[in-house]
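Asks: Just one file: final.cif, with mmCIF, C-alpha atoms.
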data_run
#
loop_
_atom_site.label_atom_id
_atom_site.label_comp_id
_atom_site.auth_asym_id
_atom_site.auth_seq_id
_atom_site.Cartn_x
_atom_site.Cartn_y
_atom_site.Cartn_z
CA MET A 1 25.26 23.32 -26.01
CA SER A 2 21.69 22.26 -26.74
CA ALA A 3 20.87 19.54 -29.24
CA ARG A 4 18.03 17.44 -30.52
CA THR A 5 19.05 14.30 -32.37
CA ASP A 6 18.32 13.94 -36.09
CA ARG A 7 16.49 10.62 -36.23
CA SER A 8 15.95 10.36 -39.99
CA PHE A 9 17.59 7.39 -41.67
CA ARG A 10 21.37 7.71 -41.95
CA PRO A 11 22.69 5.28 -44.61
CA ALA A 12 26.14 5.11 -43.01
CA ALA A 13 24.71 3.83 -39.73
CA ALA A 14 24.68 0.11 -39.03
CA ALA A 15 23.04 -1.49 -36.02
CA ALA A 16 20.61 -4.24 -35.08
CA VAL A 17 17.09 -4.43 -33.77
CA VAL A 18 17.59 -4.93 -30.03
CA ALA A 19 13.99 -5.26 -28.87
CA ALA A 20 11.18 -7.66 -29.58
CA VAL A 21 7.64 -6.62 -30.41
CA ALA A 22 6.97 -5.66 -26.80
CA GLY A 23 10.29 -3.79 -26.47
CA THR A 24 10.69 -0.09 -25.98
CA VAL A 25 14.12 0.65 -27.46
CA LEU A 26 14.88 0.02 -31.10
CA LEU A 27 17.80 0.65 -33.41
CA PRO A 28 18.07 0.36 -37.19
CA MET A 29 19.06 -2.94 -38.72
CA SER A 30 22.07 -3.21 -41.00
CA ALA A 31 21.99 -0.34 -43.50
CA GLN A 32 23.39 -0.17 -46.98
CA ALA A 33 26.64 1.70 -47.57
CA ALA A 34 26.46 5.46 -47.97
CA THR A 35 27.96 5.12 -51.44
CA ALA A 36 24.98 3.15 -52.70
CA GLY A 37 23.05 5.27 -55.21
CA ASP A 38 19.31 5.65 -55.54
CA ALA A 39 19.38 3.12 -58.39
CA GLN A 40 20.37 0.47 -55.86
CA ARG A 41 17.51 1.55 -53.56
CA PRO A 42 14.66 1.92 -56.01
CA LEU A 43 11.60 1.79 -53.72
CA LEU A 44 9.41 4.90 -53.56
CA MET A 45 7.28 5.97 -50.57
CA GLU A 46 3.99 7.89 -50.89
CA MET A 47 1.70 9.32 -48.18
CA GLY A 48 -1.89 10.11 -49.12
CA THR A 49 -3.98 13.00 -47.82
CA PRO A 50 -5.10 12.43 -44.21
CA ALA A 51 -8.78 12.28 -43.41
CA PRO A 52 -10.53 14.18 -41.97
CA ASN A 53 -7.43 16.37 -42.61
CA GLY A 54 -7.67 18.63 -39.59
CA PRO A 55 -5.35 19.52 -36.72
CA LEU A 56 -4.68 16.91 -34.05
CA THR A 57 -5.77 17.58 -30.49
CA ARG A 58 -4.54 15.93 -27.28
CA GLY A 59 -6.85 13.00 -26.65
CA GLY A 60 -9.00 14.00 -29.63
CA ALA A 61 -9.80 12.66 -33.10
CA THR A 62 -7.16 10.81 -35.13
CA GLU A 63 -6.09 11.17 -38.78
CA THR A 64 -5.93 8.30 -41.29
CA PHE A 65 -3.95 8.21 -44.53
CA GLU A 66 -2.75 5.66 -47.08
CA LEU A 67 0.92 4.73 -47.09
CA THR A 68 2.18 3.18 -50.34
CA VAL A 69 5.53 1.71 -51.33
CA ARG A 70 6.19 1.33 -55.09
CA ASN A 71 8.74 -0.88 -56.84
CA PRO A 72 9.48 0.42 -60.38
CA THR A 73 11.94 -2.39 -61.19
CA ASP A 74 11.33 -5.75 -62.87
CA LYS A 75 12.50 -7.64 -59.77
CA ALA A 76 10.81 -8.09 -56.39
CA GLN A 77 12.35 -5.97 -53.66
CA PRO A 78 12.47 -6.44 -49.85
CA PHE A 79 10.91 -3.73 -47.67
CA HIS A 80 11.08 -3.13 -43.91
CA PRO A 81 8.74 -0.20 -43.05
CA TRP A 82 9.94 2.37 -40.52
CA LEU A 83 7.97 5.46 -39.47
CA LEU A 84 9.88 8.14 -37.53
CA GLY A 85 8.08 10.76 -35.43
CA ASP A 86 9.46 14.03 -34.08
CA ALA A 87 7.64 16.74 -32.12
CA ALA A 88 8.42 20.44 -32.46
CA GLY A 89 9.11 21.69 -28.95
CA ALA A 90 11.13 21.19 -25.81
CA SER A 91 10.13 17.67 -24.72
CA PRO A 92 10.97 14.32 -26.28
CA VAL A 93 7.89 12.24 -27.12
CA GLN A 94 7.08 9.09 -25.19
CA LYS A 95 5.72 6.09 -27.11
CA GLU A 96 2.45 6.42 -25.17
CA ASP A 97 2.06 10.05 -26.35
CA ILE A 98 1.10 8.98 -29.90
CA VAL A 99 -1.89 6.97 -31.11
CA PHE A 100 -0.72 4.61 -33.87
CA ASN A 101 -2.28 1.78 -35.88
CA VAL A 102 -1.63 0.07 -39.25
CA ASP A 103 -4.09 -1.97 -41.35
CA ALA A 104 -3.27 -3.74 -44.62
CA VAL A 105 -5.15 -2.51 -47.71
CA ASP A 106 -3.23 -4.07 -50.61
CA ALA A 107 -0.61 -5.95 -48.62
CA PRO A 108 -0.25 -9.09 -46.48
CA ALA A 109 -1.85 -9.07 -43.04
CA THR A 110 0.18 -6.76 -40.84
CA LYS A 111 1.19 -6.28 -37.20
CA SER A 112 2.64 -3.07 -35.73
CA PHE A 113 4.22 -1.68 -32.58
CA VAL A 114 5.94 1.50 -31.37
CA GLY A 115 9.15 2.32 -29.54
CA HIS A 116 11.97 4.83 -29.18
CA GLN A 117 15.17 5.37 -31.12
CA ASP A 118 17.80 8.02 -30.30
CA GLY A 119 15.21 9.74 -28.15
CA GLY A 120 12.58 9.90 -30.89
CA TRP A 121 9.30 8.11 -31.49
CA GLN A 122 9.08 5.35 -34.08
CA GLY A 123 6.42 3.03 -35.42
CA LEU A 124 7.19 -0.23 -37.20
CA PHE A 125 5.08 -2.89 -38.91
CA TYR A 126 5.75 -6.32 -40.40
CA PRO A 127 3.95 -9.38 -41.82
CA ALA A 128 1.62 -10.96 -39.28
CA SER A 129 2.81 -14.39 -40.45
CA GLY A 130 6.43 -13.55 -39.64
CA LYS A 131 8.42 -13.47 -36.41
CA GLY A 132 9.03 -9.72 -36.34
CA VAL A 133 10.38 -6.69 -38.17
CA GLY A 134 13.35 -8.70 -39.42
CA ASP A 135 11.11 -10.62 -41.84
CA GLY A 136 9.86 -7.60 -43.78
CA PHE A 137 7.71 -7.58 -46.93
CA GLN A 138 8.39 -8.37 -50.58
CA VAL A 139 7.24 -5.64 -52.99
CA PRO A 140 6.33 -7.26 -56.36
CA ALA A 141 8.20 -6.29 -59.52
CA ASN A 142 6.56 -3.19 -61.05
CA GLY A 143 4.05 -3.37 -58.21
CA LYS A 144 3.13 -1.75 -54.91
CA LEU A 145 1.93 -2.43 -51.36
CA THR A 146 -0.54 -0.20 -49.51
CA TRP A 147 -1.53 0.22 -45.86
CA LYS A 148 -3.90 2.49 -43.98
CA VAL A 149 -2.09 4.29 -41.15
CA THR A 150 -3.88 6.00 -38.24
CA ILE A 151 -2.09 8.66 -36.20
CA GLY A 152 -3.18 10.88 -33.29
CA LEU A 153 -2.07 12.66 -30.13
CA ALA A 154 -2.74 10.97 -26.79
CA ALA A 155 -4.09 12.96 -23.84
CA ASN A 156 -0.63 13.16 -22.23
CA TYR A 157 1.10 14.59 -25.32
CA PRO A 158 3.45 17.22 -23.78
CA THR A 159 2.00 20.72 -23.46
CA ASN A 160 5.40 22.16 -24.41
CA ASP A 161 5.34 20.29 -27.76
CA GLY A 162 3.56 21.46 -30.89
CA ASP A 163 3.28 19.99 -34.40
CA PHE A 164 4.20 16.36 -35.00
CA THR A 165 6.23 15.33 -38.07
CA LEU A 166 5.99 11.78 -39.41
CA THR A 167 8.57 10.43 -41.92
CA ALA A 168 8.17 7.14 -43.83
CA ALA A 169 11.46 5.33 -44.43
CA SER A 170 12.87 1.79 -44.41
CA LEU A 171 14.59 0.12 -41.49
CA ASN A 172 17.08 -1.67 -43.76
CA GLY A 173 17.77 1.28 -46.00
CA GLU A 174 15.86 0.00 -49.05
CA VAL A 175 14.42 3.51 -49.54
CA ALA A 176 16.78 6.36 -50.41
CA ARG A 177 16.40 9.62 -48.52
CA SER A 178 15.17 11.34 -51.66
CA HIS A 179 12.45 8.69 -52.00
CA GLN A 180 11.07 8.96 -48.45
CA ALA A 181 7.74 10.61 -47.67
CA SER A 182 6.99 13.04 -44.84
CA ARG A 183 4.04 14.98 -43.43
CA VAL A 184 3.57 17.53 -40.64
CA PHE A 185 0.47 17.03 -38.47
CA LYS A 186 -0.65 20.29 -36.89
CA ALA A 187 -1.33 20.24 -33.16
CA ASP A 188 -4.19 22.19 -31.64
CA PRO A 189 -3.96 24.47 -29.77
CA GLN A 190 -0.98 26.03 -31.47
CA ILE A 191 1.77 26.99 -29.04
CA LYS A 192 4.93 29.04 -29.05
CA THR A 193 7.52 26.29 -29.15
CA GLY A 194 10.73 26.57 -27.17
CA HIS A 195 13.50 24.40 -25.85
CA LEU A 196 15.50 23.55 -22.76
CA THR A 197 18.92 25.16 -22.37
CA THR A 198 21.49 23.73 -19.96
CA TRP A 199 24.84 25.35 -19.20
CA PHE A 200 27.67 25.71 -16.66
CA GLU A 201 29.03 28.89 -15.11
CA LYS A 202 32.41 28.84 -13.41
CA LYS A 203 32.49 30.50 -10.00
CA PRO A 204 35.45 31.85 -7.99
CA GLY A 205 36.70 29.51 -5.29
CA ALA A 206 37.14 30.25 -1.61
CA THR A 207 40.22 32.27 -0.63
CA THR A 208 41.38 29.32 1.47
CA ASP A 209 41.50 26.95 -1.51
CA ALA A 210 44.90 26.29 -3.02
CA PRO A 211 44.95 27.14 -6.76
CA GLY A 212 43.73 24.23 -8.90
CA THR A 213 42.61 22.03 -6.01
CA ARG A 214 38.87 22.79 -6.15
CA GLN A 215 36.41 23.95 -8.80
CA TYR A 216 33.08 25.69 -8.22
CA LEU A 217 30.45 25.45 -10.98
CA ASP A 218 26.84 26.56 -11.24
CA LEU A 219 24.74 24.10 -13.26
CA LYS A 220 21.88 26.10 -14.79
CA TYR A 221 18.65 25.27 -16.64
CA ARG A 222 16.17 27.48 -18.48
CA ALA A 223 13.08 26.52 -20.49
CA THR A 224 11.53 28.73 -23.18
CA GLY A 225 8.24 28.64 -25.03
CA ASP A 226 4.76 27.66 -23.86
CA GLY A 227 3.83 24.66 -21.74
CA VAL A 228 5.80 22.60 -19.23
CA PHE A 229 7.52 19.23 -18.95
CA ASN A 230 5.01 16.64 -17.80
CA THR A 231 7.61 14.49 -16.04
CA GLU A 232 10.69 15.01 -13.89
CA LEU A 233 14.00 15.72 -15.61
CA ASN A 234 17.11 13.77 -14.65
CA THR A 235 20.66 15.00 -15.08
CA VAL A 236 23.74 12.77 -15.13
CA LEU A 237 27.04 14.57 -14.58
CA THR A 238 30.17 12.95 -16.01
CA LEU A 239 33.74 14.01 -15.18
CA SER A 240 36.60 12.92 -17.40
CA TYR A 241 40.26 13.83 -17.69
CA ALA A 242 42.74 14.01 -20.55
CA GLY A 243 46.47 13.43 -20.66
CA ALA A 244 46.63 11.56 -17.34
CA GLN A 245 47.32 7.83 -17.30
CA VAL A 246 45.47 6.83 -14.17
CA ASN A 247 42.55 4.55 -13.42
CA HIS A 248 40.99 6.21 -10.39
CA PRO A 249 40.91 10.01 -10.28
CA ASP A 250 38.52 9.78 -7.28
CA PHE A 251 36.38 12.84 -7.95
CA ARG A 252 34.33 14.16 -5.06
CA VAL A 253 31.30 16.21 -6.09
CA GLN A 254 28.99 18.09 -3.75
CA GLY A 255 25.87 20.15 -4.39
CA LEU A 256 24.60 23.07 -2.36
CA ILE A 257 21.23 21.61 -1.34
CA ASP A 258 18.99 23.05 1.38
CA GLY A 259 21.69 25.52 2.30
CA ARG A 260 24.50 23.04 2.91
CA TRP A 261 27.04 21.14 0.83
CA GLN A 262 25.97 17.53 0.36
CA ASP A 263 27.75 14.64 -1.39
CA LEU A 264 26.08 13.63 -4.66
CA LYS A 265 25.38 10.00 -5.55
CA THR A 266 28.18 8.53 -7.65
CA ASP A 267 28.00 5.43 -9.84
CA GLY A 268 31.42 4.94 -11.39
CA ALA A 269 32.13 7.98 -13.56
CA ASN A 270 28.51 9.16 -13.42
CA ILE A 271 27.21 11.55 -10.77
CA THR A 272 23.45 11.99 -10.31
CA VAL A 273 22.25 15.47 -9.40
CA PRO A 274 18.82 16.24 -7.89
CA ALA A 275 15.95 15.87 -10.39
CA ILE A 276 14.05 18.87 -11.74
CA GLU A 277 10.47 18.63 -10.60
CA LYS A 278 7.57 17.87 -12.94
CA GLY A 279 6.02 21.05 -14.38
CA PHE A 280 9.27 22.87 -15.14
CA GLY A 281 8.76 25.56 -17.75
CA ALA A 282 9.57 29.13 -18.71
CA ALA A 283 7.58 30.53 -15.78
CA LYS A 284 10.01 28.88 -13.36
CA GLY A 285 12.89 31.05 -14.54
CA VAL A 286 16.50 29.88 -14.29
CA ARG A 287 17.15 26.91 -12.03
CA THR A 288 20.64 26.86 -10.47
CA LEU A 289 22.51 24.09 -8.66
CA PRO A 290 25.90 25.14 -7.20
CA LEU A 291 28.52 22.37 -7.46
CA ARG A 292 31.83 21.91 -5.67
CA ILE A 293 34.34 19.52 -7.26
CA ASN A 294 37.66 18.31 -5.92
CA LEU A 295 39.77 15.16 -5.81
CA GLY A 296 39.48 12.62 -2.99
CA LEU A 297 42.33 11.22 -0.93
CA ARG A 298 42.50 8.04 -3.06
CA THR A 299 43.14 9.87 -6.32
CA GLN A 300 45.99 8.74 -8.53
CA LEU A 301 46.29 12.15 -10.15
CA LYS A 302 49.61 13.63 -9.06
CA ARG A 303 49.44 17.05 -10.69
CA VAL A 304 47.01 19.63 -12.01
CA THR A 305 45.16 17.99 -14.93
CA PRO A 306 42.58 19.18 -17.52
CA VAL A 307 39.10 17.94 -16.60
CA THR A 308 35.87 17.99 -18.64
CA ALA A 309 32.44 18.13 -16.95
CA GLU A 310 29.42 17.14 -19.06
CA ALA A 311 25.77 17.24 -18.01
CA ARG A 312 23.24 15.08 -19.90
CA VAL A 313 19.54 15.81 -19.36
CA SER A 314 16.77 13.29 -20.01
CA LEU A 315 13.21 12.51 -19.02
CA ALA A 316 13.08 10.64 -15.71
CA SER A 317 11.31 7.59 -17.18
CA GLY A 318 10.29 6.02 -20.48
CA ASN A 319 12.17 7.79 -23.26
CA THR A 320 15.33 8.44 -21.22
CA TYR A 321 17.68 9.18 -24.12
CA PRO A 322 19.51 12.49 -23.31
CA PHE A 323 18.08 15.41 -25.26
CA ASP A 324 20.08 18.35 -23.86
CA PHE A 325 23.73 18.78 -22.92
CA ALA A 326 26.16 21.15 -21.22
CA GLN A 327 29.93 21.07 -21.00
CA ALA A 328 32.67 22.86 -19.06
CA ARG A 329 36.46 22.48 -18.93
CA PHE A 330 38.77 23.33 -16.07
CA SER A 331 41.98 22.16 -14.38
CA LEU A 332 42.07 20.18 -11.17
CA GLY A 333 44.85 18.74 -9.02
CA PRO A 334 45.26 17.00 -5.66
CA VAL A 335 45.58 18.90 -2.41
CA GLU A 336 49.22 18.81 -1.28
CA GLN A 337 49.54 16.55 1.75
CA PRO A 338 51.95 17.36 4.63
CA THR A 339 55.20 15.39 4.55
CA ALA A 340 55.00 12.37 6.81
CA PRO A 341 57.61 12.19 9.63
CA THR A 342 60.58 9.90 8.90
CA GLY A 343 60.68 8.45 12.43
CA LYS A 344 64.28 9.67 13.02
CA PRO A 345 64.74 12.37 15.71
CA SER A 346 66.26 15.60 14.42
CA ALA A 347 68.57 15.80 17.45
CA LYS A 348 69.75 13.52 20.22
CA PRO A 349 67.19 13.75 23.03
CA SER A 350 68.41 15.14 26.30
CA GLY A 351 68.04 13.08 29.41
CA THR A 352 67.24 16.22 31.38
CA PRO A 353 63.91 18.01 30.81
CA ALA A 354 64.10 21.76 30.14
CA GLY A 355 64.25 23.80 33.32
CA THR A 356 65.53 20.90 35.48
CA PRO A 357 68.83 21.48 37.34
CA ALA A 358 71.60 19.18 36.26
CA ALA A 359 72.17 16.19 38.54
CA LYS A 360 75.14 16.26 40.92
CA PRO A 361 78.13 14.36 39.44
CA ALA A 362 78.29 10.84 40.85
CA GLU A 363 81.11 9.83 43.19
CA PRO A 364 83.70 7.40 41.83
CA ALA A 365 82.30 3.88 42.01
CA SER A 366 83.86 0.58 42.93
CA SER A 367 84.90 -1.99 40.35
CA SER A 368 81.43 -3.51 40.32
CA THR A 369 79.59 -0.20 39.88
CA PRO A 370 79.92 0.21 36.05
CA ALA A 371 77.33 -2.51 35.37
CA VAL A 372 74.74 -0.70 37.50
CA THR A 373 75.65 2.67 35.93
CA ALA A 374 75.11 1.19 32.45
CA ASN A 375 71.72 -0.08 33.59
CA ASN A 376 70.76 3.42 34.69
CA ALA A 377 71.93 4.85 31.36
CA ALA A 378 69.62 2.40 29.55
CA LEU A 379 66.67 3.78 31.52
CA SER A 380 67.41 7.34 30.38
CA THR A 381 65.82 6.99 26.85
CA THR A 382 62.74 8.36 25.10
CA SER A 383 59.66 6.18 25.54
CA ALA A 384 57.35 5.06 22.69
CA THR A 385 54.93 7.84 23.56
CA GLY A 386 57.61 10.49 23.17
CA SER A 387 57.89 11.28 26.88
CA LEU A 388 61.21 11.12 28.63
CA ALA A 389 62.17 8.47 31.25
CA HIS A 390 63.00 9.51 34.81
CA THR A 391 66.53 10.84 35.45
CA GLY A 392 68.40 12.46 38.37
CA ALA A 393 68.93 11.52 42.07
CA ASP A 394 66.03 11.10 44.48
CA SER A 395 64.77 8.63 47.12
CA ARG A 396 65.23 5.79 44.63
CA THR A 397 68.98 6.42 44.47
CA SER A 398 69.53 4.79 47.86
CA LEU A 399 67.59 1.76 46.64
CA TYR A 400 69.89 1.44 43.61
CA ALA A 401 72.94 1.90 45.90
CA ALA A 402 71.71 -0.82 48.28
CA ALA A 403 71.13 -3.14 45.34
CA ALA A 404 74.66 -2.46 44.12
CA ALA A 405 76.10 -3.21 47.57
CA ALA A 406 74.12 -6.43 47.71
CA LEU A 407 75.47 -7.46 44.35
CA VAL A 408 79.01 -6.71 45.51
CA ALA A 409 78.49 -8.75 48.67
CA LEU A 410 76.87 -11.58 46.74
CA GLY A 411 79.75 -11.57 44.28
CA GLY A 412 82.20 -11.86 47.19
CA ALA A 413 80.26 -14.77 48.67
CA PHE A 414 80.29 -16.65 45.37
CA ALA A 415 84.02 -16.02 45.03
CA TRP A 416 84.64 -17.38 48.57
CA LEU A 417 82.42 -20.42 47.95
CA GLY A 418 84.21 -21.14 44.67
CA ALA A 419 87.58 -20.97 46.37
CA ARG A 420 86.38 -23.40 49.11
CA ARG A 421 85.26 -25.86 46.43
CA ARG A 422 88.55 -25.66 44.61
CA ARG A 423 90.43 -26.22 47.78
CA GLY A 424 88.17 -29.14 48.74
CA SER A 425 88.67 -30.81 45.37
CA SER A 426 92.43 -30.56 45.64
CA MET A 427 92.46 -32.36 48.95
#
Let me see the file written as structure tokens.

Replies:
Amino acid sequence: MSARTDRSFRPAAAAAVVAAVAGTVLLPMSAQAATAGDAQRPLLMEMGTPAPNGPLTRGGATETFELTVRNPTDKAQPFHPWLLGDAAGASPVQKEDIVFNVDAVDAPATKSFVGHQDGGWQGLFYPASGKGVGDGFQVPANGKLTWKVTIGLAANYPTNDGDFTLTAASLNGEVARSHQASRVFKADPQIKTGHLTTWFEKKPGATTDAPGTRQYLDLKYRATGDGVFNTELNTVLTLSYAGAQVNHPDFRVQGLIDGRWQDLKTDGANITVPAIEKGFGAAKGVRTLPLRINLGLRTQLKRVTPVTAEARVSLASGNTYPFDFAQARFSLGPVEQPTAPTGKPSAKPSGTPAGTPAAKPAEPASSSTPAVTANNAALSTTSATGSLAHTGADSRTSLYAAAAAALVALGGAFAWLGARRRRGSSM
């Protein structure tokens, strides 16, 4: 999908001026309801013939014309002038690309400035005695106000843009669409105008990828027409999902850059892809960036879910409102993780390693032997590392036997000593 925004006054829109005189981004002030008829917006705009009435050249001579607003009613009417500019061609216009000036002829002393709105150029003017565009003018009953407006193309006016259209309207909607005035200023030299097209192409995944766990996309750009973009182009990629109630899908996006997959910079839901270099035009052909998209380990998505990828293209600086778009839809799910071990052995471990002959059955022990035998049994368990403890008879067996004999002898000694004490106490 490729789109250029319609920046003419839309009565249903309602916003506020968000920049001061020195600002660069402007939005319309509160507008009248769309149901309001022309009778409720009676002001009429007129644009006189430009002089010297020739084509505009980049960095060349300017054109000057009279701009008049008429009030046919018997009551004074407020007026907030708003001039909207749009270039035919691929590139949005920066505020510095247009030469603009306003001088009062039959109107109060006037100040003016320029900015951007919805990606387009705009010029505004207001009473010099006021605080800004919010003050506006008062058009006398059955009267008019007139200004002299100068317009021209600056030296850096994009080479891939042609004619420049200027529309006179009102910031507060006091002028109905049918009462606006408009003029096309021819640009010299004349060019074959084109546009930028951005789109996605789905690519087959690797044979090792489980179905739905990874998506390959080619992000493509192509410019048509004469000229080139005189600044870099930025693209912001946004991934969104539908029908899944999660907060963190944890998308991981990589681009094939310099022959290897590299992680792309992510800021929340926005992913920044490498900029298109200054001078991109039709002669460059189709530019392709392969993308690889999958879910990270921290994702809260539990099943395959519909995902929408949208690319928004803008100039790298100045008028950065997106002017071209691309969209793709696909399904994506998490990679199935192996089941974690429960910690319980599937079978009772054997005390004898595989391939080891069974130990010779022990000889019957004395009455004190069972305690030592139980001690040995406790040693024959699986260690924390999963290895088995030592089992079977070897040189240490004699040591255990000697210890057992000592315990037996010691037990006899304590029994004898106890008997001596009992006998002594009874004496």

Asks: Could you please determine the separation between CA of Ala128 in chain A and CA of Phe113 in chain A in Å, to one decimal place?

Replies: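 Taking CA of Ala128 in chain A as the start and CA of Phe113 in chain A as the end point, the length is 11.7 Å.
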
Asks: Apply the PyMOL selection byres ((chain A and resi 288-303) around 10) to the structure shown and report the selected residues as a PyMOL selection string.

Replies: chain A and resi 199-203+205+212-222+239+241+244-257+261-264+273-274+285-287+304-306+309+331-337

Asks: Quick check on the file I pasted: which residues fall under the PyMOL selection byres ((chain A and resi 64-78) around 7)? Write them as number ranges by chain.

Replies: A: 42-51, 62-63, 79-80, 136-151

Asks: Which residue gives the smallest distance to Ala61 in chain A among A:Ala155, A:Phe229, A:Ala87, A:Gly194, with all atoms listed in the file counted?

Replies: A:Ala155

Asks: At a cut-off of 12 Å around the point (10.9, 6.5, -16.9) (file coordinates), what residues fall inside when counting all atoms listed in the file? I'd like the answer as a ChimeraX atom specification.

Replies: /A:24,94-96,230-234,314-321

Asks: What would the file look like if the residues just selected were written as a PDB file, in the frame of the given file with C-alpha atoms?

Replies:
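File written: part_6.pdb
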ATOM      1  CA  THR A  24      10.690  -0.090 -25.980  1.00  0.00           C
ATOM      2  CA  GLN A  94       7.080   9.090 -25.190  1.00  0.00           C
ATOM      3  CA  LYS A  95       5.720   6.090 -27.110  1.00  0.00           C
ATOM      4  CA  GLU A  96       2.450   6.420 -25.170  1.00  0.00           C
ATOM      5  CA  ASN A 230       5.010  16.640 -17.800  1.00  0.00           C
ATOM      6  CA  THR A 231       7.610  14.490 -16.040  1.00  0.00           C
ATOM      7  CA  GLU A 232      10.690  15.010 -13.890  1.00  0.00           C
ATOM      8  CA  LEU A 233      14.000  15.720 -15.610  1.00  0.00           C
ATOM      9  CA  ASN A 234      17.110  13.770 -14.650  1.00  0.00           C
ATOM     10  CA  SER A 314      16.770  13.290 -20.010  1.00  0.00           C
ATOM     11  CA  LEU A 315      13.210  12.510 -19.020  1.00  0.00           C
ATOM     12  CA  ALA A 316      13.080  10.640 -15.710  1.00  0.00           C
ATOM     13  CA  SER A 317      11.310   7.590 -17.180  1.00  0.00           C
ATOM     14  CA  GLY A 318      10.290   6.020 -20.480  1.00  0.00           C
ATOM     15  CA  ASN A 319      12.170   7.790 -23.260  1.00  0.00           C
ATOM     16  CA  THR A 320      15.330   8.440 -21.220  1.00  0.00           C
ATOM     17  CA  TYR A 321      17.680   9.180 -24.120  1.00  0.00           C
TER      18      TYR A 321
END

Asks: Using only C-alpha atoms, can you tell me which of A:Gln180, A:Thr57, A:Thr238, A:Asn101 comes closest to Ala154 in chain A?

Replies: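 That would be A:Thr57, the residue with the smallest distance to Ala154 in chain A.
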
Asks: Tell me, in Å to one decimal, how far CA of Ala109 in chain A is from CA of Leu83 in chain A.

Replies: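 Those two atoms sit 17.9 Å apart.
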
Asks: Show which residues sit within 12 Å of Lys284 in chain A, as a list of chain:residue names. Count all atoms listed in the file, and ignore same-chain residues fewer than 5 positions away.

Replies: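 So the residues in contact are A:Tyr221, A:Arg222, A:Ala223, A:Thr224, A:Gly225, A:Asp226, A:Gly227, A:Val228, A:Phe229, A:Ile276, A:Glu277, A:Lys278, A:Gly279.
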
Asks: What does the distance from CA of Val313 in chain A to CA of Asp118 in chain A come to in Å, to one decimal?

Replies: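 That distance, rounded to one decimal, is 13.5 Å.
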
Asks: My list of candidates is A:Asp188, A:Asp324, A:Asp209, A:Asp135. Which is closest to Gly162 in chain A when distances are computed with all atoms listed in the file?

Replies: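 Of A:Asp188, A:Asp324, A:Asp209, A:Asp135, the one nearest Gly162 in chain A, counting all atoms listed in the file, is A:Asp188.
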
Asks: Using only C-alpha atoms, which residue out of A:Val105, A:Val236, A:Val93, A:Leu56 lies closest to Gln190 in chain A?

Replies: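 For Gln190 in chain A, the nearest of the given residues is A:Leu56.
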
Asks: Taking (7.9, 7.2, -40.1) as a centre in this file's frame and 6 Å as the limit, can you find every polymer residue with an atom that close, using all atoms listed in the file, and give them as a list in words?

Replies: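 Using all atoms listed in the file, the matching residues come out as Trp82, Leu83, Leu84, Gly85, Leu166, Thr167, Ala168 and Ala169 of chain A.
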
Asks: Using only C-alpha atoms, which of the listed residues (A:Arg312, A:Phe280, A:Thr208, A:Arg41) sits closest to Val175 in chain A?

Replies: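 Among the listed residues, the smallest separation from Val175 in chain A belongs to A:Arg41.
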
Asks: Reconstruct range 211-218 of chain A at the level of N, CA, C and O atoms, and format the result as a compact mmCIF listing (two decimals), in the frame of the given file.

Replies:
# COMPACT_ATOMS: atom_id res chain seq x y z
N PRO A 211 45.28 27.06 -5.33
CA PRO A 211 44.95 27.14 -6.76
C PRO A 211 44.92 25.75 -7.41
O PRO A 211 45.83 24.94 -7.22
N GLY A 212 43.85 25.48 -8.14
CA GLY A 212 43.73 24.23 -8.90
C GLY A 212 43.27 23.04 -8.11
O GLY A 212 43.13 21.95 -8.67
N THR A 213 43.00 23.19 -6.81
CA THR A 213 42.61 22.03 -6.01
C THR A 213 41.11 21.87 -5.88
O THR A 213 40.64 20.84 -5.41
N ARG A 214 40.33 22.87 -6.27
CA ARG A 214 38.87 22.79 -6.15
C ARG A 214 38.24 23.67 -7.21
O ARG A 214 38.74 24.73 -7.53
N GLN A 215 37.12 23.19 -7.78
CA GLN A 215 36.41 23.95 -8.80
C GLN A 215 34.96 24.14 -8.39
O GLN A 215 34.29 23.18 -8.01
N TYR A 216 34.48 25.37 -8.49
CA TYR A 216 33.08 25.69 -8.22
C TYR A 216 32.38 25.95 -9.55
O TYR A 216 32.86 26.74 -10.38
N LEU A 217 31.25 25.26 -9.77
CA LEU A 217 30.45 25.45 -10.98
C LEU A 217 29.00 25.64 -10.59
O LEU A 217 28.51 25.03 -9.64
N ASP A 218 28.30 26.48 -11.34
CA ASP A 218 26.84 26.56 -11.24
C ASP A 218 26.26 25.83 -12.44
O ASP A 218 26.57 26.16 -13.59
